[in-house]
Amino acid sequence: MGGSTAGTIVVAGGANIDIGGQSQGPLAYRDSNPGTVTVSLGGVGRNIAHNLRLLGAPVCLLTALGEDAYAQELRRSCQALGIDLTAALGVPGGRTSTYVFLNDHRGDMALAVSDMALYDQLTPDYFAQRLDLLNAAALVVVDTNLPKASLDYLAQHCTAPLFADPVSTQKAAKLLGNLGRLHTIKPNRLEAELLSGVAIEADGKGLERAAQTLLDTGLQRVFITLGPEGTYAAQGDQRCFLPALPAQVRNATGGGDAFMAGLAWAYLRGTSLQESAQLAAAASTIAVEGVATINPALSPQAVEARRFPQQEEKG
């Protein structure tokens with residue numbers, strides 16, 4: 001797969017080791033909380049790639065890996081999953097990116113610390129050397145763990161449809177100035193406010209204005225995720241709102257990654273705005289019901305079984 005990416009999804013972003021704590025009861029801050037601690041493979045880009053493989057899509061991952069034992073484990077896992085790492089960057093003496101998070105007793109993330117200095121090595125020159133690979137892809141998914149200069153380079157030189165995951169409000173700002181060169185973004189409410197400059201009230205007021213402001217940049221599609229309230233999607237003159245699917249949340253950490261994977265997978269299928277939102281929401285719902293960040297129960301059949309029936313689409 002390393003020589004040609006025709007029909008392949010290229011994912012450019014983070015590959016981490018995730019160390020997670022799950023509290024048994026309500027969190028007591030500045031104290032020790034009984035619970036469980038797990039160590040797993042993560043990173044937004046890697047998680048998206050992993051979910052895409054569970055959905056059956058061919059994937060090439062562009063990321064940076066150190067030379068420690070964690071990097072070896074990441075390589076072994078990607079090989080077992082069928083994720084192509086041949087164009088990834090190996091950093092001699094590098095320390096693999098690590099993400100530490102703490103969930104409350106409901107499975108919602110309370111706080112996290114990330115050590116991601118390794119991604120500074122993913123420079124515009126690195127991507128310039130892989131531009132033919134990127135432009136031959138069916139689509140490219142980026143996360144904002146990449147340096148801003150590299151995101152700028154990809155937005156300005158990548159001719160394949162470019163999907164962007166804002167990751168967080170702090171990192172989402174890296175996309176400003178290039179929104180019109182993107183095909184699809186998946187912000188949550190706070191990220192959509194930052195990117196659009198439009199306040200989105202708790203009752204949903206401002207959603208349409210925020211989405212339209214983003215589309216006015218030249219962006220083709222936007223999916224604003226609203227947690228338990230659902231998803232608002234916009235493209236051209238089409239708008240649709242999907243209430244949240246019922247879920248038994250066990251770990252909310254990987255929901256957004258699965259949503260983006262669902263969007264990319266749906267794009268390969270040529271689905272409409274509404275169906276894309278349905279499939280992505282179903283993938284996200286399955287993800288949050290798993291104990292780990294990635295739920296191995298995710299599959300095309302599982303997504304089809306969980307997707308909403310047809311919702312009203314305006315436009």
# chains A, B, ... in the order shown; residues from 1 in each chain; ligands from 1
call {"tool": "residues_around", "arguments": {"residues": "range 194-199 of chain A", "least_positions_apart": "2", "cutoff": "7 Å", "atoms": "only C-alpha atoms", "output": "list of chain:residue names"}}
result
A:Thr169, A:Ala173, A:Leu176, A:Leu190, A:Glu191, A:Ala192, A:Glu201, A:Gly206, A:Arg209, A:Ala210, A:Thr213, A:Leu214
call {"tool": "write_last_selection", "arguments": {"atoms": "all heavy atoms", "output": "PDB file, in the first residue's frame"}}
result
ATOM      1  N   THR A 169     -10.483  22.971  21.624  1.00  0.00           N
ATOM      2  CA  THR A 169     -10.623  24.400  21.306  1.00  0.00           C
ATOM      3  C   THR A 169      -9.257  25.050  21.123  1.00  0.00           C
ATOM      4  O   THR A 169      -9.082  25.913  20.255  1.00  0.00           O
ATOM      5  CB  THR A 169     -11.398  25.129  22.416  1.00  0.00           C
ATOM      6  OG1 THR A 169     -10.831  24.800  23.693  1.00  0.00           O
ATOM      7  CG2 THR A 169     -12.855  24.723  22.418  1.00  0.00           C
ATOM      8  N   ALA A 173      -7.800  26.286  16.709  1.00  0.00           N
ATOM      9  CA  ALA A 173      -7.409  27.590  16.163  1.00  0.00           C
ATOM     10  C   ALA A 173      -6.385  27.450  15.043  1.00  0.00           C
ATOM     11  O   ALA A 173      -6.241  28.359  14.211  1.00  0.00           O
ATOM     12  CB  ALA A 173      -6.866  28.476  17.278  1.00  0.00           C
ATOM     13  N   LEU A 176      -7.789  28.038  11.503  1.00  0.00           N
ATOM     14  CA  LEU A 176      -8.237  29.358  11.054  1.00  0.00           C
ATOM     15  C   LEU A 176      -7.348  29.846   9.909  1.00  0.00           C
ATOM     16  O   LEU A 176      -6.134  29.701   9.934  1.00  0.00           O
ATOM     17  CB  LEU A 176      -8.206  30.352  12.211  1.00  0.00           C
ATOM     18  CG  LEU A 176      -9.241  30.100  13.311  1.00  0.00           C
ATOM     19  CD1 LEU A 176      -8.984  31.006  14.514  1.00  0.00           C
ATOM     20  CD2 LEU A 176     -10.657  30.298  12.776  1.00  0.00           C
ATOM     21  N   LEU A 190     -18.090  24.007  21.324  1.00  0.00           N
ATOM     22  CA  LEU A 190     -17.095  25.019  21.663  1.00  0.00           C
ATOM     23  C   LEU A 190     -16.137  25.282  20.502  1.00  0.00           C
ATOM     24  O   LEU A 190     -15.763  26.429  20.235  1.00  0.00           O
ATOM     25  CB  LEU A 190     -16.315  24.594  22.904  1.00  0.00           C
ATOM     26  CG  LEU A 190     -17.102  24.561  24.215  1.00  0.00           C
ATOM     27  CD1 LEU A 190     -16.225  24.021  25.347  1.00  0.00           C
ATOM     28  CD2 LEU A 190     -17.642  25.935  24.573  1.00  0.00           C
ATOM     29  N   GLU A 191     -15.741  24.219  19.813  1.00  0.00           N
ATOM     30  CA  GLU A 191     -14.838  24.387  18.673  1.00  0.00           C
ATOM     31  C   GLU A 191     -15.527  25.136  17.539  1.00  0.00           C
ATOM     32  O   GLU A 191     -14.909  25.960  16.857  1.00  0.00           O
ATOM     33  CB  GLU A 191     -14.359  23.011  18.197  1.00  0.00           C
ATOM     34  CG  GLU A 191     -13.457  22.317  19.214  1.00  0.00           C
ATOM     35  CD  GLU A 191     -13.402  20.812  19.041  1.00  0.00           C
ATOM     36  OE1 GLU A 191     -14.087  20.275  18.135  1.00  0.00           O
ATOM     37  OE2 GLU A 191     -12.689  20.152  19.827  1.00  0.00           O
ATOM     38  N   ALA A 192     -16.825  24.852  17.333  1.00  0.00           N
ATOM     39  CA  ALA A 192     -17.580  25.555  16.290  1.00  0.00           C
ATOM     40  C   ALA A 192     -17.699  27.040  16.615  1.00  0.00           C
ATOM     41  O   ALA A 192     -17.631  27.892  15.722  1.00  0.00           O
ATOM     42  CB  ALA A 192     -18.960  24.931  16.131  1.00  0.00           C
ATOM     43  N   GLU A 201     -26.020  28.940  21.723  1.00  0.00           N
ATOM     44  CA  GLU A 201     -26.669  28.857  23.036  1.00  0.00           C
ATOM     45  C   GLU A 201     -27.042  27.421  23.373  1.00  0.00           C
ATOM     46  O   GLU A 201     -27.072  26.535  22.507  1.00  0.00           O
ATOM     47  CB  GLU A 201     -27.921  29.742  23.056  1.00  0.00           C
ATOM     48  CG  GLU A 201     -27.687  31.179  22.647  1.00  0.00           C
ATOM     49  CD  GLU A 201     -26.741  31.912  23.581  1.00  0.00           C
ATOM     50  OE1 GLU A 201     -26.637  31.490  24.758  1.00  0.00           O
ATOM     51  OE2 GLU A 201     -26.096  32.873  23.145  1.00  0.00           O
ATOM     52  N   GLY A 206     -28.137  29.834  17.285  1.00  0.00           N
ATOM     53  CA  GLY A 206     -26.805  30.143  16.782  1.00  0.00           C
ATOM     54  C   GLY A 206     -26.210  29.022  15.956  1.00  0.00           C
ATOM     55  O   GLY A 206     -25.230  29.231  15.238  1.00  0.00           O
ATOM     56  N   ARG A 209     -26.427  29.890  12.239  1.00  0.00           N
ATOM     57  CA  ARG A 209     -25.515  30.994  11.896  1.00  0.00           C
ATOM     58  C   ARG A 209     -24.064  30.530  11.943  1.00  0.00           C
ATOM     59  O   ARG A 209     -23.255  30.910  11.098  1.00  0.00           O
ATOM     60  CB  ARG A 209     -25.730  32.177  12.834  1.00  0.00           C
ATOM     61  CG  ARG A 209     -26.962  33.004  12.516  1.00  0.00           C
ATOM     62  CD  ARG A 209     -26.866  34.395  13.119  1.00  0.00           C
ATOM     63  NE  ARG A 209     -26.638  34.370  14.556  1.00  0.00           N
ATOM     64  CZ  ARG A 209     -25.592  34.919  15.165  1.00  0.00           C
ATOM     65  NH1 ARG A 209     -24.654  35.544  14.463  1.00  0.00           N
ATOM     66  NH2 ARG A 209     -25.476  34.865  16.479  1.00  0.00           N
ATOM     67  N   ALA A 210     -23.732  29.721  12.945  1.00  0.00           N
ATOM     68  CA  ALA A 210     -22.362  29.221  13.040  1.00  0.00           C
ATOM     69  C   ALA A 210     -22.019  28.346  11.837  1.00  0.00           C
ATOM     70  O   ALA A 210     -20.948  28.490  11.229  1.00  0.00           O
ATOM     71  CB  ALA A 210     -22.171  28.438  14.335  1.00  0.00           C
ATOM     72  N   THR A 213     -21.719  30.493   8.683  1.00  0.00           N
ATOM     73  CA  THR A 213     -20.469  31.253   8.705  1.00  0.00           C
ATOM     74  C   THR A 213     -19.296  30.384   8.275  1.00  0.00           C
ATOM     75  O   THR A 213     -18.420  30.818   7.513  1.00  0.00           O
ATOM     76  CB  THR A 213     -20.206  31.820  10.114  1.00  0.00           C
ATOM     77  OG1 THR A 213     -21.264  32.705  10.464  1.00  0.00           O
ATOM     78  CG2 THR A 213     -18.887  32.581  10.168  1.00  0.00           C
ATOM     79  N   LEU A 214     -19.277  29.140   8.737  1.00  0.00           N
ATOM     80  CA  LEU A 214     -18.214  28.219   8.350  1.00  0.00           C
ATOM     81  C   LEU A 214     -18.312  27.863   6.867  1.00  0.00           C
ATOM     82  O   LEU A 214     -17.298  27.839   6.158  1.00  0.00           O
ATOM     83  CB  LEU A 214     -18.277  26.960   9.213  1.00  0.00           C
ATOM     84  CG  LEU A 214     -17.933  27.169  10.693  1.00  0.00           C
ATOM     85  CD1 LEU A 214     -18.283  25.937  11.519  1.00  0.00           C
ATOM     86  CD2 LEU A 214     -16.453  27.512  10.854  1.00  0.00           C
TER      87      LEU A 214
END
call {"tool": "residues_around", "arguments": {"residues": "Ala155 in chain A", "least_positions_apart": "6", "cutoff": "8 Å", "atoms": "only C-alpha atoms", "output": "list of chain:residue names"}}
result
A:Leu162, A:Asn178, A:Arg181, A:Leu182
call {"tool": "write_last_selection", "arguments": {"atoms": "all heavy atoms", "output": "compact mmCIF listing (two decimals), in the first residue's frame"}}
result
# COMPACT_ATOMS: atom_id res chain seq x y z
N LEU A 162 -10.05 17.01 1.92
CA LEU A 162 -9.37 17.11 3.21
C LEU A 162 -10.39 17.24 4.33
O LEU A 162 -11.16 18.20 4.38
CB LEU A 162 -8.43 18.31 3.19
CG LEU A 162 -7.33 18.40 4.24
CD1 LEU A 162 -6.40 17.20 4.17
CD2 LEU A 162 -6.53 19.70 4.06
N ASN A 178 -7.60 28.66 6.87
CA ASN A 178 -7.63 27.65 5.81
C ASN A 178 -8.94 26.87 5.76
O ASN A 178 -9.02 25.85 5.07
CB ASN A 178 -6.46 26.67 5.98
CG ASN A 178 -5.14 27.26 5.56
OD1 ASN A 178 -4.99 27.73 4.44
ND2 ASN A 178 -4.18 27.27 6.48
N ARG A 181 -10.37 25.82 2.42
CA ARG A 181 -9.66 24.81 1.63
C ARG A 181 -9.99 23.39 2.09
O ARG A 181 -9.51 22.42 1.50
CB ARG A 181 -8.15 25.05 1.71
CG ARG A 181 -7.71 26.37 1.09
CD ARG A 181 -6.19 26.48 1.14
NE ARG A 181 -5.69 27.62 0.39
CZ ARG A 181 -5.42 28.80 0.93
NH1 ARG A 181 -5.60 28.99 2.24
NH2 ARG A 181 -4.97 29.79 0.19
N LEU A 182 -10.77 23.28 3.15
CA LEU A 182 -11.15 21.96 3.68
C LEU A 182 -12.45 21.48 3.06
O LEU A 182 -13.28 22.27 2.61
CB LEU A 182 -11.32 22.03 5.20
CG LEU A 182 -10.13 22.56 6.01
CD1 LEU A 182 -10.48 22.61 7.49
CD2 LEU A 182 -8.89 21.69 5.78
call {"tool": "closest_residue", "arguments": {"among": "A:Ile19, A:Leu219, A:Ile294, A:Ala128", "to": "Asp115 in chain A", "atoms": "only C-alpha atoms"}}
result
A:Ile19
call {"tool": "residues_around", "arguments": {"residues": "Asn47 in chain A", "least_positions_apart": "4", "cutoff": "10 Å", "atoms": "only C-alpha atoms", "output": "JSON, numbers by chain"}}
result
{"A": [11, 13, 14, 15, 16, 41, 42, 43, 51, 52, 53, 254, 256, 257, 258, 260, 261, 293, 294]}
call {"tool": "select_by_dssp", "arguments": {"residues": "range 106-263 of chain A", "states": "strand (DSSP E or B)", "output": "PyMOL selection string"}}
result
chain A and resi 109-115+139-143+162-165+184-185+188+221-225+231-235+238-242
call {"tool": "closest_atom_pairs", "arguments": {"of": "range 101-205 of chain A", "to": "range 269-276 of chain A", "cutoff": "12 Å", "atoms": "only C-alpha atoms", "output": "tab-separated table"}}
result
residue	atom	partner	partner_atom	distance
A:Ala138	CA	A:Arg269	CA	11.1
A:Thr184	CA	A:Leu273	CA	10.8
A:Lys186	CA	A:Ser276	CA	11.9
